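One structure below.
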Amino acid sequence: MRGLGSARILVRTIATKKPQTPLAIAFDIDGVLKQGSVVLPEAVRTLKMLEGDNPWQTKVPYLFITNSGGKEESKRALDLSDDFKQKIVPEQVIQAHTVMQSLVSLYADKPVLMIGGPDLPPGGSRYGFNQVYTAFDLHAYAPASFPYADPNPEQQDAVRHADFSKIQFEAIFVFHDSREWGRDIQYCLDILRSDQGVFGTMITNEELRKRRKIPIYFSHGDLLWGNNFALPRLGQGAFRTALEAVYKRVTDGDEMNAITFGKPEQMTYEYANELLQMLLNRASNGNDVHVAPENIWMIGDNPASDIMGANNFGWSSALVRTGVYRDVEGPPAHKPTLIADNVEEAIMKIMRNTWS
Ligand SMILES: [Mg+2]
């Protein structure tokens with residue numbers, strides 16, 4: 001019976017250490033932990049608190065959900081580790097296009113036009129999309145299709161030369177912010193109005209309404225984002241608004257077949273919810289510990305994205321004053337569980353409210 005006895009002692013020892021209610025945190029990055037390239041000093045202290053440097057000496061699993069992108073998750077994790085002086089692993093990084101991996105089953109071997117980013121958007125073939133073309137490829141194939149700029153010589157190595165009269169695009173992926181709205185709106189329209197996805201062809205508006213539309217996927221829908229400039233900047237949502245308006249005009253009132261990922265879309269929160277649960281179990285040495293949705297907190301600066309998404313998903317939310325949201329604009333359109341001056345104050349309030 002000795003074995004059972006020591007097991008009892010072990011159980012009693014664990015039971016006497018009062019377990020804290022499990023918490024989990026999802027951070028937005030821009031306007032919360034960083035302003036543009038500037039790391040906020042309180043961000044470093046905040047992550048230390050989550051790593052256990054807090055009055056309760058309790059670790060809290062966390063991850064980052066950002067509507068930005070343009071880098072592989074592993075590269076982003078290294079950059080964030082550098083920024084915040086903590087080891088961040090790729091599983092803690094959800095970029096807008098991370099969740100677009102769910103499209104691989106539909107488009108793995110189908111031609112897709114990828115829009116956005118400074119060069120060949122990351123993740124294309126790594127996510128498992130094997131027939132990715134970009135605006136640079138179309139421009140190189142037909143320079144007159146966008147006569148206001150020469151094809152960029154720096155992109156020559158990345159250009160994929162193809163006979164686009166023989167390629168049928170099945171979808172458009174807006175992976176990241178467009179750097180060249182005029183060109184990218186032009187090419188999106190070209191493909192959306194084409195005859196079966198072939199660049200350089202076009203069907204009538206009447207025909208367009210009858211056929212199955214070529215879908216366009218946006219990695220996120222943020223109208224604005226914050227960096228270290230004094231005022232918010234235009235985001236992918238602004239590009240989409242412009243594209244939609246032109247599409248509507250040239251098609252006499254037709255609507256695009258558009259699907260959006262990123263915050264505040266539910267798919268992104270589902271993905272994050274599963275990851276946080278996994279990180280919590282990993283931190284509990286594989287023990288099946290469950291975190292209640294109201295104890296998962298989204299910390300963000302954008303009511304229309306971070307806060308709205310969290311509220312819709314049943315998480316709690318904290319709005320900080322270091323980014324897009326300004327008090328002068330009045331109460332936020334989507335009410336957070338709490339408002340704090342910065343991320344450190346938010347986390348301190350959350351820990352105190354939950355554990356004291
Ligand atoms: Mg933000």
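Following the order of the structure tokens, chains are lettered A, B, ..., residues in each are numbered from 1, and ligands are numbered from 1.
Taking stretch 179-292 of chain A and asking which residues DSSP calls strand (DSSP E or B) on the backbone, you get Ile216, Tyr217, Phe218, Leu224, Trp225, Arg233, Leu234, Ala258, Ile259 and Thr260 of chain A.
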For chain A versus ligand 1, which residues have an atom no more than 12 Å away, and what is each residue's nearest atom pair and distance in Å rounded to one decimal, using only C-alpha atoms and all ligand atoms, chain-then-number order, as JSON lines?
{"residue": "A:Phe27", "atom": "CA", "partner": "ligand 1", "partner_atom_place_in_ligand_line": "1 (Mg)", "distance": 9.1}
{"residue": "A:Asp28", "atom": "CA", "partner": "ligand 1", "partner_atom_place_in_ligand_line": "1 (Mg)", "distance": 5.5}
{"residue": "A:Ile29", "atom": "CA", "partner": "ligand 1", "partner_atom_place_in_ligand_line": "1 (Mg)", "distance": 5.8}
{"residue": "A:Asp30", "atom": "CA", "partner": "ligand 1", "partner_atom_place_in_ligand_line": "1 (Mg)", "distance": 4.1}
{"residue": "A:Gly31", "atom": "CA", "partner": "ligand 1", "partner_atom_place_in_ligand_line": "1 (Mg)", "distance": 4.6}
{"residue": "A:Val32", "atom": "CA", "partner": "ligand 1", "partner_atom_place_in_ligand_line": "1 (Mg)", "distance": 6.2}
{"residue": "A:Leu33", "atom": "CA", "partner": "ligand 1", "partner_atom_place_in_ligand_line": "1 (Mg)", "distance": 8.8}
{"residue": "A:Lys34", "atom": "CA", "partner": "ligand 1", "partner_atom_place_in_ligand_line": "1 (Mg)", "distance": 8.8}
{"residue": "A:Gln35", "atom": "CA", "partner": "ligand 1", "partner_atom_place_in_ligand_line": "1 (Mg)", "distance": 8.8}
{"residue": "A:Gly36", "atom": "CA", "partner": "ligand 1", "partner_atom_place_in_ligand_line": "1 (Mg)", "distance": 10.0}
{"residue": "A:Phe64", "atom": "CA", "partner": "ligand 1", "partner_atom_place_in_ligand_line": "1 (Mg)", "distance": 10.9}
{"residue": "A:Ile65", "atom": "CA", "partner": "ligand 1", "partner_atom_place_in_ligand_line": "1 (Mg)", "distance": 9.4}
{"residue": "A:Thr66", "atom": "CA", "partner": "ligand 1", "partner_atom_place_in_ligand_line": "1 (Mg)", "distance": 7.4}
{"residue": "A:Asn67", "atom": "CA", "partner": "ligand 1", "partner_atom_place_in_ligand_line": "1 (Mg)", "distance": 7.9}
{"residue": "A:Ser68", "atom": "CA", "partner": "ligand 1", "partner_atom_place_in_ligand_line": "1 (Mg)", "distance": 9.0}
{"residue": "A:Asp222", "atom": "CA", "partner": "ligand 1", "partner_atom_place_in_ligand_line": "1 (Mg)", "distance": 9.4}
{"residue": "A:Leu223", "atom": "CA", "partner": "ligand 1", "partner_atom_place_in_ligand_line": "1 (Mg)", "distance": 11.4}
{"residue": "A:Leu224", "atom": "CA", "partner": "ligand 1", "partner_atom_place_in_ligand_line": "1 (Mg)", "distance": 9.0}
{"residue": "A:Trp225", "atom": "CA", "partner": "ligand 1", "partner_atom_place_in_ligand_line": "1 (Mg)", "distance": 6.2}
{"residue": "A:Gly226", "atom": "CA", "partner": "ligand 1", "partner_atom_place_in_ligand_line": "1 (Mg)", "distance": 6.3}
{"residue": "A:Asn227", "atom": "CA", "partner": "ligand 1", "partner_atom_place_in_ligand_line": "1 (Mg)", "distance": 8.7}
{"residue": "A:Asn228", "atom": "CA", "partner": "ligand 1", "partner_atom_place_in_ligand_line": "1 (Mg)", "distance": 11.8}
{"residue": "A:Pro232", "atom": "CA", "partner": "ligand 1", "partner_atom_place_in_ligand_line": "1 (Mg)", "distance": 10.1}
{"residue": "A:Arg233", "atom": "CA", "partner": "ligand 1", "partner_atom_place_in_ligand_line": "1 (Mg)", "distance": 11.3}
{"residue": "A:Gly235", "atom": "CA", "partner": "ligand 1", "partner_atom_place_in_ligand_line": "1 (Mg)", "distance": 11.1}
{"residue": "A:Lys263", "atom": "CA", "partner": "ligand 1", "partner_atom_place_in_ligand_line": "1 (Mg)", "distance": 10.1}
{"residue": "A:Pro264", "atom": "CA", "partner": "ligand 1", "partner_atom_place_in_ligand_line": "1 (Mg)", "distance": 11.7}
{"residue": "A:Met298", "atom": "CA", "partner": "ligand 1", "partner_atom_place_in_ligand_line": "1 (Mg)", "distance": 11.3}
{"residue": "A:Ile299", "atom": "CA", "partner": "ligand 1", "partner_atom_place_in_ligand_line": "1 (Mg)", "distance": 9.2}
{"residue": "A:Gly300", "atom": "CA", "partner": "ligand 1", "partner_atom_place_in_ligand_line": "1 (Mg)", "distance": 5.9}
{"residue": "A:Asp301", "atom": "CA", "partner": "ligand 1", "partner_atom_place_in_ligand_line": "1 (Mg)", "distance": 5.0}
{"residue": "A:Asn302", "atom": "CA", "partner": "ligand 1", "partner_atom_place_in_ligand_line": "1 (Mg)", "distance": 5.6}
{"residue": "A:Pro303", "atom": "CA", "partner": "ligand 1", "partner_atom_place_in_ligand_line": "1 (Mg)", "distance": 9.3}
{"residue": "A:Ala304", "atom": "CA", "partner": "ligand 1", "partner_atom_place_in_ligand_line": "1 (Mg)", "distance": 10.3}
{"residue": "A:Ser305", "atom": "CA", "partner": "ligand 1", "partner_atom_place_in_ligand_line": "1 (Mg)", "distance": 8.3}
{"residue": "A:Asp306", "atom": "CA", "partner": "ligand 1", "partner_atom_place_in_ligand_line": "1 (Mg)", "distance": 7.5}
{"residue": "A:Ile307", "atom": "CA", "partner": "ligand 1", "partner_atom_place_in_ligand_line": "1 (Mg)", "distance": 10.4}
{"residue": "A:Leu319", "atom": "CA", "partner": "ligand 1", "partner_atom_place_in_ligand_line": "1 (Mg)", "distance": 10.1}
{"residue": "A:Val320", "atom": "CA", "partner": "ligand 1", "partner_atom_place_in_ligand_line": "1 (Mg)", "distance": 9.6}
{"residue": "A:Arg321", "atom": "CA", "partner": "ligand 1", "partner_atom_place_in_ligand_line": "1 (Mg)", "distance": 10.6}
{"residue": "A:Thr322", "atom": "CA", "partner": "ligand 1", "partner_atom_place_in_ligand_line": "1 (Mg)", "distance": 9.1}
{"residue": "A:Gly323", "atom": "CA", "partner": "ligand 1", "partner_atom_place_in_ligand_line": "1 (Mg)", "distance": 6.4}
{"residue": "A:Val324", "atom": "CA", "partner": "ligand 1", "partner_atom_place_in_ligand_line": "1 (Mg)", "distance": 6.7}
{"residue": "A:Tyr325", "atom": "CA", "partner": "ligand 1", "partner_atom_place_in_ligand_line": "1 (Mg)", "distance": 9.1}
{"residue": "A:Val343", "atom": "CA", "partner": "ligand 1", "partner_atom_place_in_ligand_line": "1 (Mg)", "distance": 11.9}
Would you write out those residues with N, CA and C atoms, as a CSV table (one decimal), in the first residue's frame?
chain,number,residue,atom,x,y,z
A,27,PHE,N,-2.7,39.0,-27.8
A,27,PHE,CA,-2.3,40.4,-28.0
A,27,PHE,C,-2.4,40.8,-29.5
A,28,ASP,N,-2.9,41.9,-29.7
A,28,ASP,CA,-2.6,42.6,-30.9
A,28,ASP,C,-1.2,43.2,-30.8
A,29,ILE,N,-0.5,43.5,-31.9
A,29,ILE,CA,0.8,44.0,-31.8
A,29,ILE,C,0.9,45.5,-32.0
A,30,ASP,N,0.5,45.9,-33.2
A,30,ASP,CA,0.6,47.4,-33.5
A,30,ASP,C,-0.4,48.2,-32.7
A,31,GLY,N,0.2,49.2,-32.0
A,31,GLY,CA,-0.7,50.1,-31.2
A,31,GLY,C,-0.9,49.5,-29.8
A,32,VAL,N,-0.3,48.3,-29.5
A,32,VAL,CA,-0.5,47.7,-28.2
A,32,VAL,C,0.9,47.5,-27.5
A,33,LEU,N,1.7,46.7,-28.3
A,33,LEU,CA,3.1,46.4,-27.8
A,33,LEU,C,4.1,47.2,-28.5
A,34,LYS,N,3.8,47.6,-29.8
A,34,LYS,CA,4.7,48.4,-30.6
A,34,LYS,C,3.9,49.5,-31.2
A,35,GLN,N,4.7,50.6,-31.6
A,35,GLN,CA,4.1,51.7,-32.4
A,35,GLN,C,5.0,51.7,-33.6
A,36,GLY,N,4.6,51.2,-34.7
A,36,GLY,CA,5.5,51.1,-35.9
A,36,GLY,C,6.6,50.2,-35.5
A,64,PHE,N,0.0,36.1,-30.2
A,64,PHE,CA,-0.1,37.4,-30.9
A,64,PHE,C,-1.1,37.1,-32.1
A,65,ILE,N,-2.1,38.0,-32.2
A,65,ILE,CA,-2.9,38.0,-33.4
A,65,ILE,C,-2.8,39.3,-34.1
A,66,THR,N,-2.1,39.3,-35.2
A,66,THR,CA,-1.9,40.6,-35.9
A,66,THR,C,-2.5,40.5,-37.3
A,67,ASN,N,-3.1,41.6,-37.7
A,67,ASN,CA,-3.6,41.7,-39.1
A,67,ASN,C,-2.5,42.1,-40.0
A,68,SER,N,-1.3,42.2,-39.5
A,68,SER,CA,-0.2,42.5,-40.5
A,68,SER,C,0.3,41.1,-40.9
A,222,ASP,N,-9.1,45.5,-42.1
A,222,ASP,CA,-8.8,46.7,-41.4
A,222,ASP,C,-8.8,48.0,-42.3
A,223,LEU,N,-9.6,48.9,-42.0
A,223,LEU,CA,-9.6,50.2,-42.8
A,223,LEU,C,-8.4,51.0,-42.4
A,224,LEU,N,-8.1,51.0,-41.1
A,224,LEU,CA,-7.0,51.8,-40.6
A,224,LEU,C,-6.0,51.0,-39.8
A,225,TRP,N,-4.8,51.4,-39.6
A,225,TRP,CA,-3.9,50.8,-38.7
A,225,TRP,C,-3.0,51.9,-38.2
A,226,GLY,N,-2.3,51.6,-37.0
A,226,GLY,CA,-1.5,52.7,-36.4
A,226,GLY,C,0.0,52.3,-36.4
A,227,ASN,N,0.8,53.3,-36.7
A,227,ASN,CA,2.3,53.1,-36.6
A,227,ASN,C,2.8,54.3,-35.8
A,228,ASN,N,4.1,54.6,-36.0
A,228,ASN,CA,4.7,55.8,-35.3
A,228,ASN,C,4.4,57.1,-36.0
A,232,PRO,N,-3.6,57.6,-37.9
A,232,PRO,CA,-3.8,56.3,-38.4
A,232,PRO,C,-3.6,56.2,-40.0
A,233,ARG,N,-3.1,55.1,-40.5
A,233,ARG,CA,-2.8,54.9,-41.9
A,233,ARG,C,-3.8,54.0,-42.6
A,235,GLY,N,-5.4,50.9,-44.4
A,235,GLY,CA,-5.1,49.5,-44.4
A,235,GLY,C,-5.7,48.8,-45.6
A,263,LYS,N,-8.7,39.5,-38.1
A,263,LYS,CA,-9.6,40.0,-37.1
A,263,LYS,C,-10.6,41.0,-37.8
A,264,PRO,N,-11.8,41.1,-37.5
A,264,PRO,CA,-12.6,40.4,-36.4
A,264,PRO,C,-13.2,39.1,-36.8
A,298,MET,N,-8.5,39.3,-25.1
A,298,MET,CA,-7.9,40.0,-26.3
A,298,MET,C,-7.5,41.4,-25.9
A,299,ILE,N,-6.2,41.7,-26.1
A,299,ILE,CA,-5.8,43.1,-25.7
A,299,ILE,C,-5.5,43.8,-27.0
A,300,GLY,N,-6.3,44.8,-27.3
A,300,GLY,CA,-6.1,45.5,-28.6
A,300,GLY,C,-6.4,47.0,-28.5
A,301,ASP,N,-6.0,47.7,-29.7
A,301,ASP,CA,-6.2,49.1,-29.7
A,301,ASP,C,-7.3,49.5,-30.7
A,302,ASN,N,-7.9,48.5,-31.4
A,302,ASN,CA,-8.9,48.8,-32.5
A,302,ASN,C,-10.2,48.2,-32.1
A,303,PRO,N,-11.2,49.0,-31.7
A,303,PRO,CA,-12.5,48.5,-31.3
A,303,PRO,C,-13.2,47.7,-32.4
A,304,ALA,N,-13.0,48.2,-33.7
A,304,ALA,CA,-13.7,47.6,-34.8
A,304,ALA,C,-13.1,46.3,-35.2
A,305,SER,N,-11.9,45.9,-34.7
A,305,SER,CA,-11.3,44.7,-35.1
A,305,SER,C,-11.0,43.8,-33.9
A,306,ASP,N,-10.1,44.2,-33.1
A,306,ASP,CA,-9.7,43.4,-31.9
A,306,ASP,C,-10.9,43.2,-31.0
A,307,ILE,N,-11.5,44.2,-30.6
A,307,ILE,CA,-12.6,44.2,-29.6
A,307,ILE,C,-13.8,43.5,-30.1
A,319,LEU,N,-9.3,47.3,-24.1
A,319,LEU,CA,-8.9,48.3,-25.1
A,319,LEU,C,-7.8,49.2,-24.5
A,320,VAL,N,-6.7,49.4,-25.2
A,320,VAL,CA,-5.7,50.3,-24.7
A,320,VAL,C,-5.6,51.6,-25.5
A,321,ARG,N,-5.0,52.6,-24.8
A,321,ARG,CA,-5.1,53.9,-25.4
A,321,ARG,C,-3.8,54.3,-26.1
A,322,THR,N,-3.0,53.3,-26.5
A,322,THR,CA,-1.7,53.5,-27.2
A,322,THR,C,-1.7,53.4,-28.7
A,323,GLY,N,-2.9,53.2,-29.3
A,323,GLY,CA,-3.0,53.0,-30.7
A,323,GLY,C,-4.1,53.8,-31.4
A,324,VAL,N,-4.8,53.1,-32.2
A,324,VAL,CA,-5.9,53.7,-33.1
A,324,VAL,C,-7.0,54.4,-32.2
A,325,TYR,N,-7.4,53.8,-31.1
A,325,TYR,CA,-8.5,54.3,-30.4
A,325,TYR,C,-8.1,55.6,-29.7
A,343,VAL,N,-0.8,48.5,-22.1
A,343,VAL,CA,-0.9,47.0,-22.0
A,343,VAL,C,-0.6,46.5,-20.6
- Message: Write out as a PyMOL selection string the set of residues from stretch 176-243 of chain A that DSSP, computed on the backbone, places in alpha helix (DSSP H).
- Response: chain A and resi 181-192+205-210+236-243
Write the residues of the preceding selection, restricted to C-alpha atoms, as a CSV table (one decimal), in the first residue's frame.
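Contents of selection.csv, freshly written:
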chain,number,residue,atom,x,y,z
A,181,TRP,CA,-3.2,50.3,-55.6
A,182,GLY,CA,-3.7,51.4,-59.2
A,183,ARG,CA,-1.9,48.4,-60.7
A,184,ASP,CA,-3.4,45.9,-58.2
A,185,ILE,CA,-7.0,47.2,-58.7
A,186,GLN,CA,-6.5,46.9,-62.4
A,187,TYR,CA,-5.3,43.3,-62.2
A,188,CYS,CA,-8.0,42.3,-59.8
A,189,LEU,CA,-10.6,43.7,-62.1
A,190,ASP,CA,-9.0,42.0,-65.1
A,191,ILE,CA,-9.3,38.6,-63.4
A,192,LEU,CA,-12.7,39.1,-61.8
A,205,ASN,CA,-21.7,42.3,-67.4
A,206,GLU,CA,-24.8,40.3,-68.2
A,207,GLU,CA,-22.7,37.1,-68.6
A,208,LEU,CA,-20.8,38.0,-65.4
A,209,ARG,CA,-24.1,37.9,-63.4
A,210,LYS,CA,-25.0,34.4,-64.7
A,236,GLN,CA,-6.2,46.6,-46.6
A,237,GLY,CA,-9.9,47.4,-45.8
A,238,ALA,CA,-9.3,50.8,-47.6
A,239,PHE,CA,-7.9,49.0,-50.6
A,240,ARG,CA,-10.9,46.7,-50.6
A,241,THR,CA,-13.3,49.6,-50.4
A,242,ALA,CA,-11.6,51.2,-53.4
A,243,LEU,CA,-11.6,48.0,-55.4
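Nearest to A:Thr260 of all the residues A:Gln20, A:Gln155, A:Ser356, A:Ser219 is A:Ser219, based on only C-alpha atoms.
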- In terms of only C-alpha atoms, the residue from A:Ile339, A:His290, A:Arg160, A:Ala96 at minimal distance from A:Arg326 is A:Ile339
Quick one: residues within 7 Å of A:Val132, only C-alpha atoms counted, chain neighbours fewer than 6 positions away excluded, as a short mmCIF file (atom, residue, chain, number, x, y, z; two decimals) with all heavy atoms, in the first residue's frame?
data_model
loop_
_atom_site.label_atom_id
_atom_site.label_comp_id
_atom_site.auth_asym_id
_atom_site.auth_seq_id
_atom_site.Cartn_x
_atom_site.Cartn_y
_atom_site.Cartn_z
N PRO A 111 -4.22 27.66 -60.22
CA PRO A 111 -3.58 28.97 -60.36
C PRO A 111 -4.32 30.04 -59.56
O PRO A 111 -5.54 30.16 -59.65
CB PRO A 111 -3.69 29.27 -61.86
CG PRO A 111 -3.99 27.96 -62.50
CD PRO A 111 -4.75 27.15 -61.50
N VAL A 112 -3.56 30.77 -58.73
CA VAL A 112 -4.15 31.89 -57.98
C VAL A 112 -3.28 33.13 -58.19
O VAL A 112 -2.07 33.03 -58.35
CB VAL A 112 -4.28 31.58 -56.47
CG1 VAL A 112 -5.24 30.44 -56.22
CG2 VAL A 112 -2.93 31.28 -55.83
N LEU A 113 -3.95 34.29 -58.19
CA LEU A 113 -3.23 35.56 -58.28
C LEU A 113 -3.05 36.07 -56.86
O LEU A 113 -4.03 36.22 -56.12
CB LEU A 113 -4.02 36.57 -59.11
CG LEU A 113 -3.42 37.98 -59.17
CD1 LEU A 113 -2.06 37.98 -59.85
CD2 LEU A 113 -4.37 38.94 -59.90
N MET A 114 -1.81 36.31 -56.46
CA MET A 114 -1.55 36.78 -55.12
C MET A 114 -1.19 38.26 -55.16
O MET A 114 -0.30 38.67 -55.89
CB MET A 114 -0.43 35.97 -54.50
CG MET A 114 -0.49 35.96 -53.00
SD MET A 114 0.61 34.75 -52.28
CE MET A 114 -0.41 33.30 -52.21
N GLY A 124 3.34 31.66 -49.80
CA GLY A 124 2.70 31.12 -50.99
C GLY A 124 2.92 29.63 -51.15
O GLY A 124 2.04 28.83 -50.87
#
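Closest approach to A:Phe261 among A:Gln131, A:Ser165, A:Thr21, A:Ser102 is made by A:Ser102 (distances from only C-alpha atoms).
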Within 10 Å of A:Ile88, counting only C-alpha atoms, which residues show up once you throw out same-chain ones fewer than 2 positions away? Write them as a short mmCIF file (atom, residue, chain, number, x, y, z; two decimals) with all heavy atoms, in the first residue's frame, please.
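Heads up, here's the output in selection.cif:
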data_model
loop_
_atom_site.label_atom_id
_atom_site.label_comp_id
_atom_site.auth_asym_id
_atom_site.auth_seq_id
_atom_site.Cartn_x
_atom_site.Cartn_y
_atom_site.Cartn_z
N TYR A 62 0.22 32.93 -23.82
CA TYR A 62 -0.20 34.06 -24.65
C TYR A 62 0.23 33.85 -26.09
O TYR A 62 1.14 33.07 -26.37
CB TYR A 62 0.38 35.38 -24.11
CG TYR A 62 1.89 35.43 -24.04
CD1 TYR A 62 2.65 35.94 -25.10
CD2 TYR A 62 2.55 34.95 -22.92
CE1 TYR A 62 4.03 35.99 -25.02
CE2 TYR A 62 3.94 34.98 -22.84
CZ TYR A 62 4.69 35.50 -23.90
OH TYR A 62 6.05 35.53 -23.84
N LEU A 63 -0.44 34.55 -26.96
CA LEU A 63 -0.03 34.56 -28.36
C LEU A 63 -0.35 35.92 -28.96
O LEU A 63 -0.92 36.79 -28.29
CB LEU A 63 -0.69 33.41 -29.16
CG LEU A 63 -2.19 33.18 -29.09
CD1 LEU A 63 -2.95 34.28 -29.78
CD2 LEU A 63 -2.54 31.85 -29.73
N PHE A 64 0.04 36.08 -30.20
CA PHE A 64 -0.15 37.36 -30.88
C PHE A 64 -1.07 37.14 -32.08
O PHE A 64 -0.87 36.21 -32.85
CB PHE A 64 1.20 37.90 -31.37
CG PHE A 64 2.23 37.98 -30.28
CD1 PHE A 64 3.08 36.91 -30.04
CD2 PHE A 64 2.31 39.10 -29.47
CE1 PHE A 64 4.02 36.95 -29.01
CE2 PHE A 64 3.24 39.16 -28.44
CZ PHE A 64 4.09 38.08 -28.21
N SER A 74 7.76 31.86 -38.66
CA SER A 74 9.00 31.57 -37.92
C SER A 74 9.90 32.81 -37.86
O SER A 74 10.51 33.10 -36.84
CB SER A 74 9.75 30.41 -38.57
OG SER A 74 9.92 30.67 -39.94
N ARG A 76 8.78 35.95 -38.10
CA ARG A 76 8.09 36.90 -37.23
C ARG A 76 8.35 36.56 -35.76
O ARG A 76 8.55 37.44 -34.93
CB ARG A 76 6.59 36.87 -37.55
CG ARG A 76 5.72 37.71 -36.65
CD ARG A 76 5.75 39.18 -36.95
NE ARG A 76 5.22 39.48 -38.27
CZ ARG A 76 5.08 40.71 -38.76
NH1 ARG A 76 5.41 41.75 -38.02
NH2 ARG A 76 4.62 40.90 -39.97
N ALA A 77 8.35 35.24 -35.44
CA ALA A 77 8.58 34.82 -34.06
C ALA A 77 9.98 35.24 -33.59
O ALA A 77 10.16 35.70 -32.46
CB ALA A 77 8.41 33.30 -33.93
N LEU A 78 10.97 35.12 -34.49
CA LEU A 78 12.34 35.54 -34.14
C LEU A 78 12.39 37.05 -33.91
O LEU A 78 13.00 37.52 -32.94
CB LEU A 78 13.32 35.17 -35.26
CG LEU A 78 13.72 33.69 -35.36
CD1 LEU A 78 14.62 33.48 -36.57
CD2 LEU A 78 14.43 33.24 -34.08
N ASP A 79 11.74 37.80 -34.79
CA ASP A 79 11.71 39.26 -34.65
C ASP A 79 11.06 39.68 -33.33
O ASP A 79 11.55 40.56 -32.62
CB ASP A 79 10.93 39.91 -35.80
CG ASP A 79 11.65 39.79 -37.12
OD1 ASP A 79 12.84 39.38 -37.11
OD2 ASP A 79 11.05 40.11 -38.17
N LEU A 80 9.94 39.00 -33.00
CA LEU A 80 9.23 39.35 -31.76
C LEU A 80 10.06 38.97 -30.54
O LEU A 80 10.05 39.68 -29.53
CB LEU A 80 7.85 38.67 -31.72
CG LEU A 80 6.84 39.14 -32.77
CD1 LEU A 80 5.56 38.31 -32.70
CD2 LEU A 80 6.50 40.62 -32.60
N SER A 81 10.79 37.85 -30.63
CA SER A 81 11.66 37.44 -29.52
C SER A 81 12.69 38.54 -29.25
O SER A 81 12.99 38.88 -28.10
CB SER A 81 12.41 36.15 -29.86
OG SER A 81 11.51 35.13 -30.19
N ASP A 82 13.23 39.08 -30.34
CA ASP A 82 14.20 40.16 -30.27
C ASP A 82 13.58 41.42 -29.66
O ASP A 82 14.16 42.06 -28.79
CB ASP A 82 14.62 40.48 -31.71
CG ASP A 82 16.12 40.56 -31.84
OD1 ASP A 82 16.79 39.76 -31.16
OD2 ASP A 82 16.58 41.44 -32.59
N PHE A 84 10.87 41.75 -27.74
CA PHE A 84 10.30 41.69 -26.40
C PHE A 84 11.20 40.96 -25.40
O PHE A 84 10.80 40.75 -24.25
CB PHE A 84 8.91 41.04 -26.44
CG PHE A 84 7.95 41.72 -27.38
CD1 PHE A 84 7.17 40.99 -28.27
CD2 PHE A 84 7.85 43.11 -27.39
CE1 PHE A 84 6.29 41.63 -29.14
CE2 PHE A 84 6.97 43.74 -28.26
CZ PHE A 84 6.20 43.01 -29.14
N LYS A 85 12.39 40.54 -25.84
CA LYS A 85 13.36 39.89 -24.95
C LYS A 85 12.76 38.65 -24.30
O LYS A 85 12.96 38.38 -23.11
CB LYS A 85 13.85 40.86 -23.84
CG LYS A 85 14.16 42.27 -24.31
CD LYS A 85 15.52 42.37 -24.99
CE LYS A 85 15.80 43.76 -25.51
NZ LYS A 85 15.62 43.90 -26.97
N GLN A 86 11.96 37.93 -25.06
CA GLN A 86 11.38 36.66 -24.59
C GLN A 86 11.43 35.70 -25.76
O GLN A 86 11.29 36.12 -26.90
CB GLN A 86 9.90 36.83 -24.21
CG GLN A 86 9.63 37.51 -22.90
CD GLN A 86 10.18 36.80 -21.70
OE1 GLN A 86 10.47 35.60 -21.74
NE2 GLN A 86 10.34 37.52 -20.62
N PRO A 90 6.93 29.97 -33.14
CA PRO A 90 6.00 30.25 -34.26
C PRO A 90 4.53 29.98 -33.94
O PRO A 90 3.65 30.67 -34.45
CB PRO A 90 6.50 29.33 -35.37
CG PRO A 90 7.94 29.10 -35.07
CD PRO A 90 8.06 29.13 -33.58
N GLU A 91 4.26 28.99 -33.05
CA GLU A 91 2.85 28.71 -32.71
C GLU A 91 2.19 29.87 -31.98
O GLU A 91 0.97 29.90 -31.83
CB GLU A 91 2.74 27.47 -31.81
CG GLU A 91 3.01 26.16 -32.50
CD GLU A 91 4.45 25.71 -32.23
OE1 GLU A 91 5.35 26.58 -32.15
OE2 GLU A 91 4.66 24.49 -32.14
N GLN A 92 2.99 30.82 -31.49
CA GLN A 92 2.39 31.97 -30.78
C GLN A 92 2.07 33.11 -31.74
O GLN A 92 1.65 34.17 -31.30
CB GLN A 92 3.36 32.48 -29.70
CG GLN A 92 3.42 31.59 -28.47
CD GLN A 92 4.53 32.04 -27.54
OE1 GLN A 92 5.71 31.82 -27.80
NE2 GLN A 92 4.18 32.69 -26.45
N VAL A 93 2.29 32.89 -33.03
CA VAL A 93 2.14 33.99 -33.99
C VAL A 93 1.02 33.68 -34.98
O VAL A 93 1.11 32.72 -35.74
CB VAL A 93 3.45 34.22 -34.77
CG1 VAL A 93 3.28 35.36 -35.75
CG2 VAL A 93 4.60 34.50 -33.81
#
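Nearest to A:Ile203 of all the residues A:Thr251, A:Phe164, A:Val159, A:Leu40 is A:Thr251, based on only C-alpha atoms.
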- Query: When you draw a straight line from atom CA of A:Arg282 to atom CA of A:Ala24, how long is it in Å?
  - Reply: 12.7 Å
- Message: Please compute the atom CA of A:Tyr133-atom CA of A:Ala108 distance, one decimal, in Å.
- Response: 13.0 Å
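Nearest residue to A:Asn281 among A:Ile296, A:Trp315, A:Gly330, A:Pro22 is A:Pro22, counting only C-alpha atoms.
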- For A:Glu180, the nearest of the candidates A:Ala135, A:Met348, A:Leu47, A:Ile216, counting only C-alpha atoms: A:Ala135
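The two atoms in question, atom CA of A:Glu344 and atom CA of A:Gly314, are spaced 22.7 Å apart.
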